[in-house]
Structures are given as C-alpha cells and as structure tokens.
>>> print(open('upload-v6.cif').read())   # mmCIF, C-alpha atoms
data_work
loop_
_atom_site.label_atom_id
_atom_site.label_comp_id
_atom_site.auth_asym_id
_atom_site.auth_seq_id
_atom_site.Cartn_x
_atom_site.Cartn_y
_atom_site.Cartn_z
CA MET A 1 3.78 1.22 -35.22
CA ARG A 2 2.63 -2.33 -35.61
CA SER A 3 -0.44 -3.13 -37.69
CA GLU A 4 -3.55 -4.37 -35.91
CA ALA A 5 -2.95 -7.90 -37.17
CA GLU A 6 0.62 -7.83 -35.88
CA HIS A 7 -0.55 -6.49 -32.53
CA THR A 8 -3.14 -9.25 -32.20
CA ALA A 9 -0.67 -11.95 -33.20
CA ARG A 10 1.91 -10.67 -30.74
CA MET A 11 -0.62 -10.39 -27.92
CA LYS A 12 -1.81 -13.95 -28.61
CA LYS A 13 1.75 -15.09 -28.02
CA VAL A 14 2.06 -13.09 -24.80
CA GLN A 15 -1.30 -14.46 -23.66
CA ALA A 16 -0.17 -18.04 -24.32
CA ALA A 17 3.05 -17.44 -22.37
CA GLN A 18 1.08 -15.90 -19.50
CA ALA A 19 -1.39 -18.80 -19.49
CA LYS A 20 1.44 -21.31 -19.39
CA LYS A 21 3.05 -19.44 -16.49
CA LEU A 22 -0.27 -19.16 -14.64
CA ALA A 23 -0.97 -22.89 -15.05
CA THR A 24 2.03 -23.61 -12.80
CA LYS A 25 0.62 -21.35 -10.06
CA THR A 26 -1.73 -23.70 -8.29
CA ILE A 27 -0.77 -23.42 -4.65
CA GLU A 28 -2.98 -21.57 -2.23
CA LYS A 29 -1.43 -20.74 1.10
CA GLY A 30 -1.33 -18.14 3.78
CA LEU A 31 1.65 -15.90 3.20
CA VAL A 32 4.11 -14.22 5.50
CA ILE A 33 4.43 -10.80 3.94
CA VAL A 34 6.98 -8.12 4.85
CA HIS A 35 6.83 -4.47 3.77
CA THR A 36 10.09 -2.79 4.56
CA GLY A 37 12.47 -0.15 3.24
CA PRO A 38 12.74 3.61 3.79
CA GLY A 39 10.03 4.62 1.30
CA LYS A 40 6.39 5.44 1.93
CA GLY A 41 3.61 2.90 1.46
CA LYS A 42 4.51 0.09 3.86
CA THR A 43 1.52 0.55 6.15
CA SER A 44 -0.73 1.86 3.36
CA ALA A 45 -0.14 -1.29 1.30
CA ALA A 46 -1.02 -3.44 4.32
CA LEU A 47 -4.22 -1.42 4.78
CA GLY A 48 -5.04 -1.95 1.10
CA MET A 49 -4.75 -5.70 1.57
CA VAL A 50 -6.99 -5.45 4.63
CA VAL A 51 -9.59 -3.76 2.43
CA ARG A 52 -9.39 -6.59 -0.09
CA ALA A 53 -9.63 -9.24 2.61
CA ILE A 54 -12.65 -7.55 4.20
CA GLY A 55 -14.26 -7.38 0.78
CA HIS A 56 -13.96 -11.15 0.57
CA GLY A 57 -15.55 -11.59 3.96
CA MET A 58 -12.36 -12.64 5.72
CA LYS A 59 -11.78 -11.86 9.36
CA VAL A 60 -8.77 -9.58 9.82
CA GLY A 61 -6.80 -8.46 12.86
CA VAL A 62 -4.71 -5.30 12.77
CA VAL A 63 -2.37 -4.31 15.59
CA GLN A 64 -0.37 -1.10 15.36
CA PHE A 65 2.80 -1.11 17.44
CA VAL A 66 3.84 2.51 17.11
CA LYS A 67 1.61 5.13 15.61
CA GLY A 68 -1.61 3.80 17.08
CA ALA A 69 -2.97 7.10 18.25
CA MET A 70 -2.41 8.68 14.83
CA ALA A 71 -4.38 6.10 12.88
CA THR A 72 -7.52 8.20 12.72
CA GLY A 73 -8.30 7.69 9.03
CA GLU A 74 -8.11 3.92 8.85
CA LYS A 75 -9.75 3.56 12.27
CA ALA A 76 -12.88 5.44 11.17
CA VAL A 77 -13.30 3.12 8.18
CA PHE A 78 -12.46 -0.18 9.82
CA ASP A 79 -14.78 0.61 12.72
CA ARG A 80 -17.58 0.35 10.19
CA PHE A 81 -16.79 -3.36 9.71
CA PRO A 82 -16.77 -4.69 13.27
CA GLU A 83 -17.79 -8.15 12.07
CA PHE A 84 -14.63 -8.42 9.95
CA VAL A 85 -11.90 -6.22 11.40
CA GLU A 86 -10.47 -6.14 14.85
CA PHE A 87 -8.41 -2.97 14.77
CA LYS A 88 -6.08 -2.30 17.69
CA PRO A 89 -4.02 0.87 17.55
CA MET A 90 -1.92 0.00 20.60
CA GLY A 91 1.17 2.13 20.04
CA GLU A 92 1.79 5.17 22.19
CA GLY A 93 3.98 7.02 19.75
CA PHE A 94 7.62 6.99 18.87
CA THR A 95 10.10 5.88 21.45
CA TRP A 96 11.70 9.33 21.43
CA ASP A 97 8.36 10.77 22.46
CA THR A 98 7.60 8.36 25.27
CA GLN A 99 11.26 8.45 26.48
CA ASP A 100 10.51 5.51 28.73
CA ARG A 101 12.03 2.25 27.61
CA ALA A 102 10.35 0.10 30.26
CA ARG A 103 6.97 1.42 29.18
CA ASP A 104 7.79 0.99 25.46
CA ILE A 105 8.71 -2.62 26.15
CA ALA A 106 5.51 -3.21 28.09
CA VAL A 107 3.43 -1.70 25.25
CA ALA A 108 5.30 -3.81 22.67
CA ARG A 109 4.70 -6.93 24.74
CA GLU A 110 0.98 -6.20 25.08
CA ALA A 111 0.64 -5.53 21.35
CA TRP A 112 2.61 -8.64 20.45
CA ASP A 113 0.47 -10.80 22.73
CA GLU A 114 -2.54 -9.59 20.75
CA VAL A 115 -0.85 -10.45 17.45
CA LYS A 116 0.14 -13.87 18.80
CA ARG A 117 -3.42 -14.57 19.90
CA MET A 118 -4.77 -13.57 16.48
CA ILE A 119 -2.20 -15.64 14.58
CA ALA A 120 -2.92 -18.70 16.74
CA ASP A 121 -6.67 -18.41 16.06
CA PRO A 122 -7.44 -19.80 12.58
CA SER A 123 -10.65 -17.77 12.36
CA TYR A 124 -8.39 -14.80 11.47
CA ARG A 125 -7.42 -15.08 7.82
CA MET A 126 -5.16 -12.02 7.87
CA VAL A 127 -3.17 -10.48 10.70
CA VAL A 128 -1.27 -7.20 10.33
CA ALA A 129 1.57 -6.39 12.74
CA ASP A 130 2.09 -2.77 11.77
CA GLU A 131 5.57 -1.36 12.57
CA LEU A 132 6.59 -4.57 14.32
CA ASN A 133 9.99 -4.19 12.63
CA ILE A 134 10.61 -0.96 14.56
CA VAL A 135 9.98 -2.72 17.83
CA LEU A 136 12.31 -5.57 16.82
CA ARG A 137 14.94 -3.05 15.80
CA TYR A 138 14.94 -1.57 19.30
CA ASP A 139 15.07 -5.08 20.83
CA TYR A 140 11.79 -4.44 22.62
CA LEU A 141 10.71 -7.98 21.70
CA PRO A 142 12.72 -11.16 21.16
CA LEU A 143 12.92 -11.91 17.42
CA ASP A 144 12.89 -15.66 18.10
CA GLU A 145 9.44 -15.44 19.63
CA VAL A 146 8.15 -13.71 16.50
CA LEU A 147 9.73 -16.25 14.16
CA GLU A 148 8.29 -19.07 16.23
CA ALA A 149 4.76 -17.69 16.05
CA LEU A 150 5.07 -17.22 12.28
CA ALA A 151 6.39 -20.76 11.78
CA ALA A 152 3.42 -22.15 13.73
CA LYS A 153 0.72 -20.05 12.00
CA PRO A 154 -2.34 -21.78 10.56
CA GLU A 155 -1.91 -22.83 6.92
CA LEU A 156 -4.26 -20.26 5.38
CA THR A 157 -3.52 -17.21 7.54
CA HIS A 158 -1.75 -14.29 5.89
CA VAL A 159 0.51 -12.34 8.26
CA ILE A 160 1.76 -8.91 7.21
CA VAL A 161 4.65 -7.29 9.07
CA THR A 162 5.59 -3.69 8.28
CA GLY A 163 8.32 -1.27 9.22
CA ARG A 164 11.73 -0.26 7.97
CA ASN A 165 14.83 -2.32 8.78
CA ALA A 166 13.17 -5.74 8.76
CA PRO A 167 15.60 -8.20 10.36
CA GLN A 168 17.23 -10.57 7.86
CA ALA A 169 15.88 -13.63 9.68
CA LEU A 170 12.34 -12.33 9.19
CA ILE A 171 12.99 -11.74 5.48
CA ASP A 172 14.33 -15.28 5.25
CA ALA A 173 11.16 -16.61 6.89
CA ALA A 174 8.81 -14.58 4.65
CA ASP A 175 7.11 -15.60 1.40
CA LEU A 176 6.63 -12.14 -0.05
CA VAL A 177 8.92 -9.22 0.68
CA THR A 178 8.60 -5.78 -0.84
CA GLU A 179 11.08 -3.02 -0.21
CA MET A 180 9.62 0.44 -0.53
CA ALA A 181 12.35 2.68 -1.89
CA GLN A 182 12.08 6.43 -1.64
CA VAL A 183 12.58 8.08 -5.00
CA LYS A 184 11.17 11.46 -4.02
CA HIS A 185 9.59 12.63 -0.79
CA PRO A 186 7.93 16.02 -0.29
CA PHE A 187 8.78 16.12 3.44
CA ARG A 188 12.43 16.36 2.60
CA GLU A 189 12.26 18.31 -0.59
CA GLN A 190 9.38 20.71 -0.13
CA ASN A 191 8.79 20.92 3.62
CA VAL A 192 5.32 19.48 3.23
CA LYS A 193 3.84 18.31 6.51
CA ALA A 194 2.14 14.99 7.28
CA GLN A 195 -1.36 15.20 5.85
CA ALA A 196 -4.72 13.54 6.42
CA GLY A 197 -5.40 10.86 3.83
CA ILE A 198 -1.73 10.37 3.11
CA GLU A 199 0.08 9.70 6.38
CA PHE A 200 -2.85 9.14 8.76
CA MET B 1 22.65 -2.00 27.19
CA ARG B 2 22.09 1.64 28.06
CA SER B 3 20.76 2.58 31.50
CA GLU B 4 17.25 4.02 31.75
CA ALA B 5 18.66 7.49 32.39
CA GLU B 6 20.89 7.23 29.34
CA HIS B 7 17.99 6.00 27.23
CA THR B 8 15.80 8.89 28.35
CA ALA B 9 18.54 11.45 27.75
CA ARG B 10 19.24 10.07 24.29
CA MET B 11 15.56 9.99 23.36
CA LYS B 12 15.14 13.58 24.55
CA LYS B 13 17.84 14.54 22.05
CA VAL B 14 16.19 12.58 19.25
CA GLN B 15 12.85 14.15 20.13
CA ALA B 16 14.34 17.63 19.99
CA ALA B 17 15.88 16.87 16.59
CA GLN B 18 12.57 15.52 15.34
CA ALA B 19 10.67 18.52 16.66
CA LYS B 20 13.11 20.88 14.95
CA LYS B 21 12.72 18.98 11.69
CA LEU B 22 8.93 18.92 12.01
CA ALA B 23 8.78 22.65 12.66
CA THR B 24 10.02 23.25 9.12
CA LYS B 25 7.22 21.11 7.67
CA THR B 26 4.43 23.59 7.47
CA ILE B 27 3.18 23.33 3.92
CA GLU B 28 -0.10 21.66 3.17
CA LYS B 29 -0.71 20.81 -0.45
CA GLY B 30 -2.26 18.23 -2.67
CA LEU B 31 0.43 15.85 -3.83
CA VAL B 32 1.09 14.09 -7.08
CA ILE B 33 2.05 10.62 -5.91
CA VAL B 34 3.52 7.84 -8.03
CA HIS B 35 3.80 4.19 -6.99
CA THR B 36 5.99 2.36 -9.44
CA GLY B 37 8.55 -0.45 -9.63
CA PRO B 38 8.29 -4.20 -10.17
CA GLY B 39 7.36 -5.13 -6.59
CA LYS B 40 3.95 -5.73 -5.07
CA GLY B 41 2.05 -3.05 -3.17
CA LYS B 42 1.60 -0.26 -5.71
CA THR B 43 -2.17 -0.53 -5.95
CA SER B 44 -2.56 -1.75 -2.36
CA ALA B 45 -0.76 1.33 -1.03
CA ALA B 46 -3.06 3.56 -3.07
CA LEU B 47 -6.08 1.73 -1.65
CA GLY B 48 -4.69 2.22 1.85
CA MET B 49 -4.51 5.97 1.25
CA VAL B 50 -8.08 5.89 -0.05
CA VAL B 51 -9.10 4.29 3.26
CA ARG B 52 -7.39 7.06 5.19
CA ALA B 53 -8.97 9.76 3.05
CA ILE B 54 -12.44 8.25 3.43
CA GLY B 55 -11.86 8.08 7.17
CA HIS B 56 -11.31 11.84 7.12
CA GLY B 57 -14.51 12.42 5.17
CA MET B 58 -12.78 13.32 1.93
CA LYS B 59 -14.36 12.58 -1.41
CA VAL B 60 -12.24 10.18 -3.43
CA GLY B 61 -12.35 9.01 -7.02
CA VAL B 62 -10.71 5.73 -8.06
CA VAL B 63 -10.39 4.67 -11.70
CA GLN B 64 -8.77 1.35 -12.56
CA PHE B 65 -7.30 1.24 -16.05
CA VAL B 66 -6.45 -2.43 -16.31
CA LYS B 67 -7.61 -4.98 -13.80
CA GLY B 68 -11.03 -3.47 -13.23
CA ALA B 69 -12.98 -6.69 -13.39
CA MET B 70 -10.70 -8.32 -10.84
CA ALA B 71 -11.10 -5.67 -8.16
CA THR B 72 -13.73 -7.62 -6.24
CA GLY B 73 -12.29 -7.12 -2.76
CA GLU B 74 -11.85 -3.37 -2.79
CA LYS B 75 -15.09 -2.87 -4.71
CA ALA B 76 -17.16 -4.61 -2.03
CA VAL B 77 -15.73 -2.31 0.64
CA PHE B 78 -15.79 0.98 -1.26
CA ASP B 79 -19.37 0.33 -2.34
CA ARG B 80 -20.25 0.69 1.32
CA PHE B 81 -19.15 4.35 1.21
CA PRO B 82 -21.05 5.74 -1.78
CA GLU B 83 -21.04 9.22 -0.24
CA PHE B 84 -17.23 9.30 -0.25
CA VAL B 85 -15.88 6.99 -2.93
CA GLU B 86 -16.61 6.89 -6.60
CA PHE B 87 -15.02 3.61 -7.62
CA LYS B 88 -14.75 2.88 -11.34
CA PRO B 89 -13.11 -0.38 -12.32
CA MET B 90 -13.03 0.42 -16.04
CA GLY B 91 -10.27 -1.90 -17.27
CA GLU B 92 -11.14 -4.91 -19.35
CA GLY B 93 -8.05 -6.92 -18.52
CA PHE B 94 -4.52 -7.08 -19.81
CA THR B 95 -3.82 -6.04 -23.35
CA TRP B 96 -2.66 -9.56 -24.18
CA ASP B 97 -6.10 -10.80 -23.15
CA THR B 98 -8.16 -8.31 -25.10
CA GLN B 99 -5.81 -8.58 -28.14
CA ASP B 100 -7.53 -5.57 -29.63
CA ARG B 101 -5.47 -2.40 -29.59
CA ALA B 102 -8.24 -0.15 -30.88
CA ARG B 103 -10.50 -1.32 -28.08
CA ASP B 104 -7.73 -0.98 -25.47
CA ILE B 105 -7.17 2.59 -26.61
CA ALA B 106 -10.88 3.36 -26.44
CA VAL B 107 -11.08 1.92 -22.90
CA ALA B 108 -8.00 3.88 -21.84
CA ARG B 109 -9.50 7.07 -23.26
CA GLU B 110 -12.79 6.53 -21.47
CA ALA B 111 -11.04 5.82 -18.17
CA TRP B 112 -8.74 8.83 -18.58
CA ASP B 113 -11.69 11.10 -19.32
CA GLU B 114 -13.14 10.02 -15.98
CA VAL B 115 -9.86 10.76 -14.19
CA LYS B 116 -9.61 14.14 -15.92
CA ARG B 117 -13.14 15.02 -14.86
CA MET B 118 -12.41 14.06 -11.25
CA ILE B 119 -9.12 15.97 -11.15
CA ALA B 120 -10.77 19.08 -12.56
CA ASP B 121 -13.51 18.97 -9.92
CA PRO B 122 -12.15 20.35 -6.62
CA SER B 123 -14.78 18.48 -4.62
CA TYR B 124 -12.59 15.39 -5.10
CA ARG B 125 -9.73 15.56 -2.59
CA MET B 126 -8.03 12.40 -3.85
CA VAL B 127 -8.02 10.80 -7.28
CA VAL B 128 -6.42 7.42 -7.98
CA ALA B 129 -5.45 6.51 -11.55
CA ASP B 130 -4.66 2.84 -10.98
CA GLU B 131 -2.29 1.29 -13.56
CA LEU B 132 -2.24 4.46 -15.63
CA ASN B 133 1.50 3.87 -16.11
CA ILE B 134 0.77 0.66 -18.00
CA VAL B 135 -1.48 2.49 -20.42
CA LEU B 136 1.16 5.19 -20.91
CA ARG B 137 3.78 2.52 -21.46
CA TYR B 138 1.76 1.11 -24.37
CA ASP B 139 1.19 4.62 -25.77
CA TYR B 140 -2.56 4.19 -25.42
CA LEU B 141 -2.76 7.75 -24.13
CA PRO B 142 -0.62 10.82 -24.84
CA LEU B 143 1.66 11.50 -21.86
CA ASP B 144 1.45 15.25 -22.45
CA GLU B 145 -2.26 15.23 -21.81
CA VAL B 146 -1.70 13.53 -18.47
CA LEU B 147 1.06 15.95 -17.44
CA GLU B 148 -1.15 18.87 -18.40
CA ALA B 149 -4.05 17.67 -16.25
CA LEU B 150 -1.72 17.14 -13.31
CA ALA B 151 -0.18 20.59 -13.68
CA ALA B 152 -3.65 22.14 -13.66
CA LYS B 153 -5.03 20.18 -10.70
CA PRO B 154 -6.66 22.03 -7.82
CA GLU B 155 -4.24 23.00 -5.04
CA LEU B 156 -5.47 20.54 -2.42
CA THR B 157 -6.21 17.49 -4.56
CA HIS B 158 -3.98 14.46 -4.15
CA VAL B 159 -3.52 12.43 -7.34
CA ILE B 160 -2.07 8.93 -7.09
CA VAL B 161 -0.80 7.19 -10.22
CA THR B 162 0.25 3.54 -10.05
CA GLY B 163 1.86 0.99 -12.30
CA ARG B 164 5.33 -0.21 -13.14
CA ASN B 165 7.55 1.69 -15.56
CA ALA B 166 6.37 5.19 -14.68
CA PRO B 167 7.62 7.55 -17.40
CA GLN B 168 10.48 9.79 -16.27
CA ALA B 169 8.51 12.95 -17.09
CA LEU B 170 5.78 11.82 -14.69
CA ILE B 171 8.36 11.15 -11.96
CA ASP B 172 9.77 14.61 -12.58
CA ALA B 173 6.31 16.12 -12.19
CA ALA B 174 5.49 14.19 -8.99
CA ASP B 175 5.93 15.25 -5.37
CA LEU B 176 6.18 11.79 -3.83
CA VAL B 177 7.51 8.78 -5.68
CA THR B 178 7.92 5.33 -4.18
CA GLU B 179 9.47 2.44 -6.03
CA MET B 180 8.26 -0.94 -4.88
CA ALA B 181 11.15 -3.35 -5.26
CA GLN B 182 10.58 -7.06 -5.25
CA VAL B 183 12.79 -8.79 -2.72
CA LYS B 184 10.90 -12.08 -2.68
CA HIS B 185 7.74 -13.12 -4.47
CA PRO B 186 5.89 -16.40 -3.92
CA PHE B 187 4.51 -16.48 -7.48
CA ARG B 188 7.98 -16.95 -8.82
CA GLU B 189 9.53 -18.92 -6.06
CA GLN B 190 6.76 -21.16 -4.79
CA ASN B 191 4.16 -21.29 -7.56
CA VAL B 192 1.59 -19.68 -5.32
CA LYS B 193 -1.40 -18.38 -7.24
CA ALA B 194 -3.06 -14.96 -6.99
CA GLN B 195 -5.17 -15.01 -3.85
CA ALA B 196 -8.19 -13.17 -2.48
CA GLY B 197 -7.17 -10.51 0.00
CA ILE B 198 -3.70 -10.23 -1.46
CA GLU B 199 -3.98 -9.59 -5.20
CA PHE B 200 -7.71 -8.86 -5.56
#
>>> encode(input="upload-v6.cif", output="structure tokens")
Amino acid sequence: MRSEAEHTARMKKVQAAQAKKLATKTIEKGLVIVHTGPGKGKTSAALGMVVRAIGHGMKVGVVQFVKGAMATGEKAVFDRFPEFVEFKPMGEGFTWDTQDRARDIAVAREAWDEVKRMIADPSYRMVVADELNIVLRYDYLPLDEVLEALAAKPELTHVIVTGRNAPQALIDAADLVTEMAQVKHPFREQNVKAQAGIEF
Amino acid sequence: MRSEAEHTARMKKVQAAQAKKLATKTIEKGLVIVHTGPGKGKTSAALGMVVRAIGHGMKVGVVQFVKGAMATGEKAVFDRFPEFVEFKPMGEGFTWDTQDRARDIAVAREAWDEVKRMIADPSYRMVVADELNIVLRYDYLPLDEVLEALAAKPELTHVIVTGRNAPQALIDAADLVTEMAQVKHPFREQNVKAQAGIEF
C-alpha cells in the first residue's frame, strides 16, 4: 500500500490531468441523447435526467410511445411538478397486444406530433421520446421526419430517445449514445415478475 | 408489407408467446441491482427507479459516495418528498480532489454505515448506494462487509449499487446487472462540458 505522501502526490497528478482535460470542455449545447441496447435502464436513465432537469427549474416534456398506461410510478411523481413537466403517456401497449397496425400507426403519429411540437418550442429544455426506437423499428413513423426534427431543434434543447434497436442513422445524428447491455436479468434467470419501483 | 390480417395473426402469436413467458414470472422479490460500465446512465437509471418507487409510495434511501456536493438537480426534487426519500449526498468529491486517503476512507465508512442502516431497516423498500463501486475499487471499504449486508437484506428491499468497475463478487451476488457501454460521448468528441439536467 502506498504511503499517505505517495497517495497525495499521485492524486495531485491525477487532479492536474483532470483539470487540464476539463479546461478543454467549454461548450454548452443541447444534446441529442440515445439510450439503446437490450439491457434495463434505458427509460429509467431518461427519467433520472428529467429529475435533474426539473431540479434546475427547466421545463421538460416526456412522451411515452409504448408503455404509457404502465407508467404509474413516474406519473405520480411528475404530476407533482406541473409547472415543469408535461408528461404524456400516450402509448397503448405493445403492438402484439393492440394487434391493430393502423391504430398503432395513428397512436405513434399522435405521440410524435407532440414530441415535434415540444422540440420546436424553445421553452422546453429537455424532451424525452420514450421508446421512439420501437416505433421506428416497426416503421410506424418515417425515420427521416425524426432526423429532420432533431436537426432543426433549438440550440439548448436536450432530446432523449430511448428504446432498443436504435436505427444507425439516429446514432449517427446523436451526441451521446449509451448502450445498455444485459449482464444478468432476473426475469430470465429467476422468473421474477415486473415489479413496482423497478419496471413501472 | 404484410396485410392487416397477416399483421393481426402474427401479433396474436407473439402475444400468446409473451403471455406464456409472463405466466412463468410469478416471483416477487427485492433485487440486488448493479449499474456498471464506462457509459453514462448508471446513476441516472438509479434515480429513475427512485422516481418510480416514490410514485408507488415506497420509502427510499439514497446515499451518494462520491459526487454528493454536485447532486443539485436530484436533491431539489427529492427534497420535495421528505416522507418518501431520505437523500444523503455524503461524498466530498473525487479522491484526486480531496487528496487525503484517510479522509476519503472516513467519508466512505460514514456513507456505508448509512447504507447499512437503511438496508437493515425493512421500512426502506429501496436503497441506492451511488458510486459504491468506486469506493470498493479504491479499497476504501472491505468488499466482504458489503456482500454480507446484501446477503442479509430484507426479502422485499431493492438495493441498487452504481459505479464503473463493479467487483466480480458483487456481480455474482446481484440479481440484475446492466453494463452501460459508451457508444458516443460528447465530452470526448465535442468538448462539451458537464451540464445541468444531464450530469447533475
């Protein structure tokens, strides 16, 4: 084990390196953020960022494309901040539950129009399009229209898109992309069901 | 493109498969959850789960081991739910900033004692040990003590541990492990600084 003096000396060096690195990070801009991959945490991480944004007094719009009706936990909390969060759980469930493609497309269109309106309005500083990737995957919305809206977004607006199988063109257009990889999942391995606080 | 009838028939099949799969998921249990990996979203995803838990009226404890002082966004929100969330940003910054190993160890110990107390108390339904992995990585706390507390946790309590470089023994002990992989990060690629709503 290093002595205290060695530890301090080493940490001083790390601190200097960090400071040098940080000094180059001067740009402030609204980010296009994508959470994708098969692992858990894509929507949760978006919700966590919503919490942070609310805490800084930013106006946030959240539109859920798929599991709208199941979003009971986050809805109860965000409803307490009506001045900051516009929360729209617009999804009607999974497409295998609705079994009606025309209706799925209509729901996707309605949800996307909401997202588009929020993105175009610079008073929103963060817009979450939750599970938009799923809708794109099923071709329920034209990808080009999404890319166009993102390219035209106000400078400071953060847009977060979640869902597995993000299209490559969306990844290319994004600033920050995280892939959630599943290392272990209790659904598969232990037959644990979806639980309050974790999945909804 | 498939006809409507084909779509419906196919989705009925998927629905049946999903229902069959879901029927096997009957177990309800508190999970040990680990968010690790170099990508963004580890803490955010934990915060998102806290939001869901609060929304279901669960009592939640959150202890931040490292970036406590920077947690301004989430703190402002969670402070609005004092009946549900005990939020303790106990970290004093990165170890290269404090440069004092003895003090880092003392802070880690104090924070861990809080986590241990919360885990042992079944009135908490979710406990977040944010960046605990970092502290374990630096050997500021004995891993065995952490594994012991997790093994003895009340049946229904969810414990979420975040931070890169989760020790393998912790992954082995966990129910749900997600690795956040960095696909694209604007810090590195565009010199974008840490921003309100995203990092804090």
>>> residues_around(input="upload-v6.cif", residues="Met49 in chain A", least_positions_apart="4", cutoff="9 Å", atoms="only C-alpha atoms", output="list in words")
Ser44, Ala45, Ala53, Ile54 and Met126 of chain A; Gly41, Ser44, Ala45, Leu47, Gly48, Gly73, Glu74, Gly197, Ile198, Glu199 and Phe200 of chain B
>>> interface_residues(input="upload-v6.cif", of="chain A", to="chain B", cutoff="6 Å", atoms="only C-alpha atoms", output="MDAnalysis selection string")
chainID A and resid 8 11 14:15 25:28 39 41 44:45 47:49 51:53 55:56 73:74 76:77 96 99 175:186 191:193 197:198
>>> write_last_selection(input="upload-v6.cif", atoms="C-alpha atoms", output="PDB file, in the frame of the given file")
ATOM      1  CA  THR A   8      -3.140  -9.250 -32.200  1.00  0.00           C
ATOM      2  CA  MET A  11      -0.620 -10.390 -27.920  1.00  0.00           C
ATOM      3  CA  VAL A  14       2.060 -13.090 -24.800  1.00  0.00           C
ATOM      4  CA  GLN A  15      -1.300 -14.460 -23.660  1.00  0.00           C
ATOM      5  CA  LYS A  25       0.620 -21.350 -10.060  1.00  0.00           C
ATOM      6  CA  THR A  26      -1.730 -23.700  -8.290  1.00  0.00           C
ATOM      7  CA  ILE A  27      -0.770 -23.420  -4.650  1.00  0.00           C
ATOM      8  CA  GLU A  28      -2.980 -21.570  -2.230  1.00  0.00           C
ATOM      9  CA  GLY A  39      10.030   4.620   1.300  1.00  0.00           C
ATOM     10  CA  GLY A  41       3.610   2.900   1.460  1.00  0.00           C
ATOM     11  CA  SER A  44      -0.730   1.860   3.360  1.00  0.00           C
ATOM     12  CA  ALA A  45      -0.140  -1.290   1.300  1.00  0.00           C
ATOM     13  CA  LEU A  47      -4.220  -1.420   4.780  1.00  0.00           C
ATOM     14  CA  GLY A  48      -5.040  -1.950   1.100  1.00  0.00           C
ATOM     15  CA  MET A  49      -4.750  -5.700   1.570  1.00  0.00           C
ATOM     16  CA  VAL A  51      -9.590  -3.760   2.430  1.00  0.00           C
ATOM     17  CA  ARG A  52      -9.390  -6.590  -0.090  1.00  0.00           C
ATOM     18  CA  ALA A  53      -9.630  -9.240   2.610  1.00  0.00           C
ATOM     19  CA  GLY A  55     -14.260  -7.380   0.780  1.00  0.00           C
ATOM     20  CA  HIS A  56     -13.960 -11.150   0.570  1.00  0.00           C
ATOM     21  CA  GLY A  73      -8.300   7.690   9.030  1.00  0.00           C
ATOM     22  CA  GLU A  74      -8.110   3.920   8.850  1.00  0.00           C
ATOM     23  CA  ALA A  76     -12.880   5.440  11.170  1.00  0.00           C
ATOM     24  CA  VAL A  77     -13.300   3.120   8.180  1.00  0.00           C
ATOM     25  CA  TRP A  96      11.700   9.330  21.430  1.00  0.00           C
ATOM     26  CA  GLN A  99      11.260   8.450  26.480  1.00  0.00           C
ATOM     27  CA  ASP A 175       7.110 -15.600   1.400  1.00  0.00           C
ATOM     28  CA  LEU A 176       6.630 -12.140  -0.050  1.00  0.00           C
ATOM     29  CA  VAL A 177       8.920  -9.220   0.680  1.00  0.00           C
ATOM     30  CA  THR A 178       8.600  -5.780  -0.840  1.00  0.00           C
ATOM     31  CA  GLU A 179      11.080  -3.020  -0.210  1.00  0.00           C
ATOM     32  CA  MET A 180       9.620   0.440  -0.530  1.00  0.00           C
ATOM     33  CA  ALA A 181      12.350   2.680  -1.890  1.00  0.00           C
ATOM     34  CA  GLN A 182      12.080   6.430  -1.640  1.00  0.00           C
ATOM     35  CA  VAL A 183      12.580   8.080  -5.000  1.00  0.00           C
ATOM     36  CA  LYS A 184      11.170  11.460  -4.020  1.00  0.00           C
ATOM     37  CA  HIS A 185       9.590  12.630  -0.790  1.00  0.00           C
ATOM     38  CA  PRO A 186       7.930  16.020  -0.290  1.00  0.00           C
ATOM     39  CA  ASN A 191       8.790  20.920   3.620  1.00  0.00           C
ATOM     40  CA  VAL A 192       5.320  19.480   3.230  1.00  0.00           C
ATOM     41  CA  LYS A 193       3.840  18.310   6.510  1.00  0.00           C
ATOM     42  CA  GLY A 197      -5.400  10.860   3.830  1.00  0.00           C
ATOM     43  CA  ILE A 198      -1.730  10.370   3.110  1.00  0.00           C
TER      44      ILE A 198
END
>>> resolve_selection(input="upload-v6.cif", expression="the PyMOL selection byres ((chain A and resi 138-147) around 8)", output="tab-separated table (two decimals) with C-alpha atoms, in the frame of the given file")
chain	number	residue	atom	x	y	z
A	104	ASP	CA	7.79	0.99	25.46
A	105	ILE	CA	8.71	-2.62	26.15
A	108	ALA	CA	5.30	-3.81	22.67
A	109	ARG	CA	4.70	-6.93	24.74
A	134	ILE	CA	10.61	-0.96	14.56
A	135	VAL	CA	9.98	-2.72	17.83
A	136	LEU	CA	12.31	-5.57	16.82
A	137	ARG	CA	14.94	-3.05	15.80
A	148	GLU	CA	8.29	-19.07	16.23
A	149	ALA	CA	4.76	-17.69	16.05
A	150	LEU	CA	5.07	-17.22	12.28
A	151	ALA	CA	6.39	-20.76	11.78
A	170	LEU	CA	12.34	-12.33	9.19
A	173	ALA	CA	11.16	-16.61	6.89
>>> residues_around(input="upload-v6.cif", residues="Ala111 in chain B", least_positions_apart="3", cutoff="8 Å", atoms="all atoms listed in the file", output="JSON, numbers by chain")
{"B": [63, 64, 65, 90, 91, 107, 108, 114, 115]}
>>> atom_distance(input="upload-v6.cif", atom1="CA of Val62 in chain A", atom2="CA of Ala129 in chain A")
6.4 Å
>>> resolve_selection(input="upload-v6.cif", expression="the PyMOL selection byres ((chain A and resi 131) around 6)", output="list in words")
Phe65, Asp130, Leu132, Asn133, Ile134, Thr162 and Gly163 of chain A
>>> resolve_selection(input="upload-v6.cif", expression="the PyMOL selection byres ((chain B and resi 86) around 6)", output="VMD selection string")
chain B and resid 61 85 87
>>> atom_distance(input="upload-v6.cif", atom1="CA of Ala152 in chain B", atom2="CA of Arg103 in chain B")
28.4 Å
>>> atom_distance(input="upload-v6.cif", atom1="CA of Val161 in chain A", atom2="CA of Lys59 in chain A")
17.1 Å
>>> axis_aligned_box(input="upload-v6.cif", around="range 85-92 of chain B", padding_each_side="3 Å", output="lines of an AutoDock Vina configuration file")
center_x = -13.4
center_y = 1.0
center_z = -11.1
size_x = 12.3
size_y = 17.9
size_z = 22.4
